[in-house]
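Contents: one structure, followed by commentary.
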Amino acid sequence: MIQIQTKGERNLYEHALGYARRQLRALIDRDPDFYPMYTSQGRWRHSGEAWTNWCEGFLPGMLWIIAAREPDDAAGRWWRDQAIRYSRPLEMRQFDREVHDLGFLFMSTYYRWRHLTGDPSLQSVLIEAGRTMAMRYRPQGEYLHSFVAESSLFIDIMMNVGIVFYAALETRDSKLMNIALRHCLTTRRVLVRGDGSTAHEGLFDVETGAFLGQSTHQGWRADSCWSRGLAWALYGFGTAYRCTRDARMLDAAEACTRFYIERTPSDGVPPWDYDAPPESRALVDTSAAAVATAGMFQLARLVPDQVRGQCYDAVARRILGTLCRSYLSEQDPQWEGILKGGVYHLGKNIGVNESVMWGEYFFVEALDLALRDSGPED
Ligand code: GLY
């Protein structure tokens, strides 16, 4: 059950979306055909390391979200043309076996493109991307392995397994469906803890598939809860529930959501890691907040219980209000991003307290969801 927005709330979201549009237009004019990842002192173009290539869908994804809100006039067609221009170069990545991020790359772009235009020729790209993603499956251990090693399972993959579900449902391929579901069940078993917190990585014996223990790359410690990982989990298990209606997926999504609600300060923006040491405890991650907001909007529309749905919707609106009021870069005319206060990788000291492309994307998605009167389409 979705809350009716007040006029003031609607104005706040529309203002933020208008600002996002201006920043995106400025980026396209200033640096055409560049796919940014994170800012350095507010600038998208810099020589900082990427670590891995997973962000190229987020800029065109935002262009698709905006294009879908536009009327079919010259201005609206400009957004659609830009969305196509930035999506098309990703096409060959349907065969990319180097990264575990094909959901991020294609559900933000080709999926939205297909949905908006109904063009059936786009379907084969999405299905192929789902099949490629499924090749990461390790029958010993029953998980899709991360880009770092065959022994490694990342919580982030919960945001990418959706493209395997999509390909399975569209082609009625029960083998693909089983791979996607097994991956989610393994992630739930080894990375979601009893209190709803999550670990970033699980390590396995590649020969036997035995689970060896939890680990991390971007969080504070193996036994800590990296806030973006938690946000990926709450959103990703919700998507898994939408695709399967398996109650275990909903339980996991709600357990992660309860942890987020109980452990995050009242403004809704979490520390970069819930167990961070005192010296970095004050560092927040607005990208985790943006992902959690979009994930909670999805969950609010999925849960059968109306009261819980209203609770998730209200929390999502509280977080979104904080992001709009306190983290827009509007007061800083030199800043090229939309949302300040994101963190990419503190251990590598890249993208710390900066704008990050996935933070921008899920913020724009959350604004779009908040402004819709009805729920998101399946
Ligand atoms: N590695 C994906 C992320 O930074 O969340």
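Identifiers in the structure tokens: chain A, B, ... in order shown; residue index from 1 per chain; ligand index from 1 in order shown.
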
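Around ligand 1, using only C-alpha atoms and all ligand atoms and a cut-off of 7 Å, the residues in contact are Asp156, Arg228, Gly229, Tyr344 and His345 of chain A.
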
- Near stretch 276-293 of chain A, counting only C-alpha atoms, which residues have an atom at most 9 Å away, once you skip same-chain residues fewer than 6 positions from it, shown as JSON, numbers by chain? {"A": [219, 220, 221, 224, 225, 226, 227, 228, 229, 230, 231, 232, 234, 235, 257, 260, 268, 269, 270, 312, 313, 315, 316, 317, 318, 319, 320, 323, 327, 339, 340, 341, 342, 343, 344, 352, 353, 355, 356, 357, 358, 359, 360, 361, 362, 363, 364, 365, 366]}

- Message: Using only C-alpha atoms, can you tell me which of A:Trp64, A:Phe147, A:Phe34, A:Phe237 comes closest to A:Arg114?
- Response: A:Trp64

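Atom CA of A:Ile350 sits 9.0 Å away from atom CA of A:Thr39.
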
- Message: Quick check for you: according to DSSP on this backbone, which residues of stretch 33-239 of chain A are classed as helix (DSSP H, G or I)? Reply as a PyMOL selection string.
- Response: chain A and resi 58-69+74-95+102-107+110-117+120-134+155-159+162-171+174-191+227-239

Which residues are close to A:Gly8, i.e. within 12 Å by only C-alpha atoms, leaving aside same-chain residues fewer than 6 positions away? Reply as a short mmCIF file (atom, residue, chain, number, x, y, z; two decimals) with N, CA, C and O atoms, in the first residue's frame.
data_model
loop_
_atom_site.label_atom_id
_atom_site.label_comp_id
_atom_site.auth_asym_id
_atom_site.auth_seq_id
_atom_site.Cartn_x
_atom_site.Cartn_y
_atom_site.Cartn_z
N GLU A 14 10.35 16.74 -7.22
CA GLU A 14 10.42 17.28 -8.58
C GLU A 14 11.59 18.25 -8.73
O GLU A 14 12.26 18.28 -9.76
N HIS A 15 11.84 19.00 -7.66
CA HIS A 15 12.99 19.91 -7.69
C HIS A 15 14.29 19.11 -7.85
O HIS A 15 15.15 19.44 -8.68
N GLY A 321 13.80 12.22 1.48
CA GLY A 321 13.71 13.62 1.91
C GLY A 321 15.06 14.12 2.40
O GLY A 321 15.50 15.23 2.06
N LEU A 371 7.50 9.56 -7.20
CA LEU A 371 6.58 10.46 -7.91
C LEU A 371 5.48 9.73 -8.66
O LEU A 371 4.55 10.35 -9.16
#

- Which distance in Å separates atom CA of A:Phe154 and atom CA of A:Ala50, to one decimal?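 These two atoms are separated by 17.6 Å.
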
- Task: Rounded to one decimal place, report the atom CA of A:Leu63-atom CA of A:Ala83 distance in Å.
- Result: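 Between atom CA of A:Leu63 and atom CA of A:Ala83 the gap works out to 5.0 Å.
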
- Message: Give me the residues near A:Phe204 as an MDAnalysis selection string, where near means some atom within 10 Å (using only C-alpha atoms) and where sequence neighbours in that chain fewer than 5 positions away do not count.
- Response: chainID A and resid 140:141 143 145 150:153 209:214

- Would you please work out which residue, of A:Met62, A:Leu369, A:Val148, A:Ile338, is nearest to A:Tyr38 when using only C-alpha atoms?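 Closest to A:Tyr38 of all the choices is A:Ile338.
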
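Shortest atom-to-atom contact with A:Met158 among A:Gly103, A:Arg136, A:His115, A:Leu176: A:Gly103, counting only C-alpha atoms.
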